[in-house]
Amino acid sequence: MPKIIYFAMTSADGFIEDRRGSIGFHTPDAEEHAFINGLHSSAGLFILDARDYQIMKWWDTPAASAADETAEVLAYTEFWQKVHKHVVSADRPDDLPAGYGYSETLDTQNLRAWLAANEKDVMVSAGVAGQCLREGLLDEVWLMVVPVLLGAGLPVSIGEEAQLKLLEPVKVGKGWLFNRYAVLNK
């Protein structure tokens with residue numbers, strides 16, 4: 001049965017953006033990028049909130065300098081352009097490309113139907129993960145911890161409390177740490 005997974009890249013002190021709103025602190029090298037590509041390949045659907053849509057839309061169009069991109073970046077671009085994507089936001093993005101689904105709220109009945117009809121996992125953004133948790137649908141939390149302290153910024157949070165059980169810690173690349181957790185209070 002496919003799982004619903006919240007994935008985030010975070011600093012060692014728990015921030016997903018620095019104090020200027022940048023995510024540049026978690027630019028992966030080739031090994032780290034290949035690992036993340038492998039993780040994301042388990043997903044058949046990404047449900048994004050407005051914030052993550054703004055970040056991830058970069059992957060929708062090949063970079064003008066694609067010849068300069070690494071094999072890992074090109075592989076992720078190809079994956080992203082094929083995977084199903086849905087944005088949940090009170091305001092429909094003006095630049096939402098064809099092929100994206102959109103709704104103002106998360107329809108958990110449609111999500112359950114998608115899970116029943118598909119073999120691939122669903123990755124959700126923070127703004128969606130909290131609702132999934134409240135509905136008893138969130139199965140796992142995946143945190144990629146980058147070895148940097150930011151001191152301030154946007155904290156990793158889904159807006160809900162959850163008990164987690166560490167299933168798999170993996171050291172990746174130059175000290176990045178992937179922590180895979182099961183959600184216990186479903």
# chains A, B, ... in the order shown; residues from 1 in each chain; ligands from 1
>>> residues_around(residues="Leu154 in chain A", least_positions_apart="6", cutoff="9 Å", atoms="only C-alpha atoms", output="list in words")
Gly14, Phe15, Ile16, Glu17, Asp18, Arg19 and Gly21 of chain A
>>> residues_around(residues="Glu168 in chain A", least_positions_apart="4", cutoff="12 Å", atoms="only C-alpha atoms", output="PyMOL selection string")
chain A and resi 140-144+164+177-182
>>> write_last_selection(atoms="N, CA, C and O atoms", output="PDB file, in the first residue's frame")
ATOM      1  N   GLU A 140       4.578   8.718   7.146  1.00  0.00           N
ATOM      2  CA  GLU A 140       5.985   8.890   7.469  1.00  0.00           C
ATOM      3  C   GLU A 140       6.400  10.353   7.327  1.00  0.00           C
ATOM      4  O   GLU A 140       5.782  11.118   6.588  1.00  0.00           O
ATOM      5  N   VAL A 141       7.474  10.684   8.038  1.00  0.00           N
ATOM      6  CA  VAL A 141       8.134  11.982   7.939  1.00  0.00           C
ATOM      7  C   VAL A 141       9.576  11.699   7.569  1.00  0.00           C
ATOM      8  O   VAL A 141      10.253  10.913   8.240  1.00  0.00           O
ATOM      9  N   TRP A 142      10.027  12.332   6.477  1.00  0.00           N
ATOM     10  CA  TRP A 142      11.407  12.179   6.025  1.00  0.00           C
ATOM     11  C   TRP A 142      12.090  13.531   6.146  1.00  0.00           C
ATOM     12  O   TRP A 142      11.683  14.501   5.514  1.00  0.00           O
ATOM     13  N   LEU A 143      13.133  13.587   6.954  1.00  0.00           N
ATOM     14  CA  LEU A 143      13.896  14.829   7.124  1.00  0.00           C
ATOM     15  C   LEU A 143      15.325  14.632   6.646  1.00  0.00           C
ATOM     16  O   LEU A 143      16.023  13.723   7.097  1.00  0.00           O
ATOM     17  N   MET A 144      15.739  15.483   5.727  1.00  0.00           N
ATOM     18  CA  MET A 144      17.119  15.513   5.267  1.00  0.00           C
ATOM     19  C   MET A 144      17.789  16.663   6.006  1.00  0.00           C
ATOM     20  O   MET A 144      17.479  17.836   5.761  1.00  0.00           O
ATOM     21  N   LEU A 164       6.836  10.235  16.710  1.00  0.00           N
ATOM     22  CA  LEU A 164       7.529   9.601  15.607  1.00  0.00           C
ATOM     23  C   LEU A 164       8.454   8.507  16.115  1.00  0.00           C
ATOM     24  O   LEU A 164       8.968   8.572  17.230  1.00  0.00           O
ATOM     25  N   LEU A 177      22.309  14.073   6.800  1.00  0.00           N
ATOM     26  CA  LEU A 177      21.709  12.953   7.506  1.00  0.00           C
ATOM     27  C   LEU A 177      20.246  12.822   7.106  1.00  0.00           C
ATOM     28  O   LEU A 177      19.468  13.766   7.268  1.00  0.00           O
ATOM     29  N   PHE A 178      19.894  11.680   6.549  1.00  0.00           N
ATOM     30  CA  PHE A 178      18.493  11.391   6.214  1.00  0.00           C
ATOM     31  C   PHE A 178      17.885  10.603   7.355  1.00  0.00           C
ATOM     32  O   PHE A 178      18.406   9.560   7.749  1.00  0.00           O
ATOM     33  N   ASN A 179      16.803  11.137   7.918  1.00  0.00           N
ATOM     34  CA  ASN A 179      16.081  10.464   8.993  1.00  0.00           C
ATOM     35  C   ASN A 179      14.680  10.128   8.495  1.00  0.00           C
ATOM     36  O   ASN A 179      13.911  11.021   8.127  1.00  0.00           O
ATOM     37  N   ARG A 180      14.362   8.850   8.496  1.00  0.00           N
ATOM     38  CA  ARG A 180      13.035   8.373   8.086  1.00  0.00           C
ATOM     39  C   ARG A 180      12.285   7.954   9.338  1.00  0.00           C
ATOM     40  O   ARG A 180      12.760   7.105  10.106  1.00  0.00           O
ATOM     41  N   TYR A 181      11.112   8.574   9.560  1.00  0.00           N
ATOM     42  CA  TYR A 181      10.306   8.323  10.750  1.00  0.00           C
ATOM     43  C   TYR A 181       8.940   7.779  10.386  1.00  0.00           C
ATOM     44  O   TYR A 181       8.336   8.216   9.397  1.00  0.00           O
ATOM     45  N   ALA A 182       8.431   6.883  11.206  1.00  0.00           N
ATOM     46  CA  ALA A 182       7.033   6.446  11.117  1.00  0.00           C
ATOM     47  C   ALA A 182       6.214   7.351  12.038  1.00  0.00           C
ATOM     48  O   ALA A 182       6.675   7.735  13.124  1.00  0.00           O
TER      49      ALA A 182
END
>>> closest_residue(among="A:Ser125, A:Pro147, A:Ile158, A:Asp13", to="Gly175 in chain A", atoms="only C-alpha atoms")
A:Pro147
>>> atom_distance(atom1="CA of Ile47 in chain A", atom2="CA of Val124 in chain A")
4.8 Å
>>> residues_around(residues="Gly99 in chain A", least_positions_apart="5", cutoff="10 Å", atoms="only C-alpha atoms", output="list in words")
Gln81, Lys82, Val83, His84, Lys85 and His86 of chain A
>>> write_last_selection(atoms="C-alpha atoms", output="PDB file, in the first residue's frame")
ATOM      1  CA  GLN A  81       8.133  16.812 -15.420  1.00  0.00           C
ATOM      2  CA  LYS A  82       6.502  13.341 -15.509  1.00  0.00           C
ATOM      3  CA  VAL A  83       5.217  12.942 -11.934  1.00  0.00           C
ATOM      4  CA  HIS A  84       1.662  13.955 -10.973  1.00  0.00           C
ATOM      5  CA  LYS A  85       1.462  17.279  -9.107  1.00  0.00           C
ATOM      6  CA  HIS A  86      -1.377  19.004  -7.282  1.00  0.00           C
TER       7      HIS A  86
END
>>> closest_residue(among="A:Leu106, A:Leu150, A:Met9, A:Leu184", to="Thr27 in chain A", atoms="only C-alpha atoms")
A:Met9
>>> closest_residue(among="A:His40, A:Glu72, A:Val87, A:His33", to="Tyr53 in chain A", atoms="only C-alpha atoms")
A:Val87
>>> residues_around(residues="Glu32 in chain A", least_positions_apart="4", cutoff="7 Å", atoms="only C-alpha atoms", output="PyMOL selection string")
chain A and resi 28+36+172-173
>>> write_last_selection(atoms="all heavy atoms", output="PDB file, in the first residue's frame")
ATOM      1  N   PRO A  28      22.419  20.437  -2.782  1.00  0.00           N
ATOM      2  CA  PRO A  28      23.144  19.165  -2.658  1.00  0.00           C
ATOM      3  C   PRO A  28      24.263  19.017  -3.678  1.00  0.00           C
ATOM      4  O   PRO A  28      24.211  19.579  -4.774  1.00  0.00           O
ATOM      5  CB  PRO A  28      22.047  18.124  -2.928  1.00  0.00           C
ATOM      6  CG  PRO A  28      21.055  18.829  -3.795  1.00  0.00           C
ATOM      7  CD  PRO A  28      21.100  20.281  -3.380  1.00  0.00           C
ATOM      8  N   ILE A  36      18.560  11.948  -2.966  1.00  0.00           N
ATOM      9  CA  ILE A  36      17.231  12.567  -2.931  1.00  0.00           C
ATOM     10  C   ILE A  36      16.413  12.121  -4.143  1.00  0.00           C
ATOM     11  O   ILE A  36      15.215  11.820  -4.016  1.00  0.00           O
ATOM     12  CB  ILE A  36      17.344  14.103  -2.856  1.00  0.00           C
ATOM     13  CG1 ILE A  36      17.961  14.511  -1.518  1.00  0.00           C
ATOM     14  CG2 ILE A  36      15.978  14.771  -3.051  1.00  0.00           C
ATOM     15  CD1 ILE A  36      18.433  15.945  -1.455  1.00  0.00           C
ATOM     16  N   VAL A 172      24.622  10.735   4.387  1.00  0.00           N
ATOM     17  CA  VAL A 172      24.718  10.920   2.943  1.00  0.00           C
ATOM     18  C   VAL A 172      25.752  12.008   2.643  1.00  0.00           C
ATOM     19  O   VAL A 172      25.744  13.060   3.279  1.00  0.00           O
ATOM     20  CB  VAL A 172      23.344  11.338   2.350  1.00  0.00           C
ATOM     21  CG1 VAL A 172      23.441  11.493   0.847  1.00  0.00           C
ATOM     22  CG2 VAL A 172      22.256  10.348   2.735  1.00  0.00           C
ATOM     23  N   GLY A 173      26.588  11.764   1.665  1.00  0.00           N
ATOM     24  CA  GLY A 173      27.509  12.793   1.191  1.00  0.00           C
ATOM     25  C   GLY A 173      28.425  13.316   2.281  1.00  0.00           C
ATOM     26  O   GLY A 173      28.975  12.566   3.081  1.00  0.00           O
TER      27      GLY A 173
END
>>> atom_distance(atom1="CA of Met1 in chain A", atom2="CA of Glu135 in chain A")
17.3 Å
>>> closest_residue(among="A:Asn118, A:Thr61, A:Thr77, A:Asn185", to="Cys132 in chain A", atoms="only C-alpha atoms")
A:Asn185
>>> select_by_dssp(residues="range 4-182 of chain A", states="strand (DSSP E)", output="MDAnalysis selection string")
chainID A and resid 4:11 15:17 43:48 84:88 100:103 121:124 140:146 154:155 164:172 176:182
>>> atom_distance(atom1="CA of Asp60 in chain A", atom2="CA of Glu78 in chain A")
8.9 Å
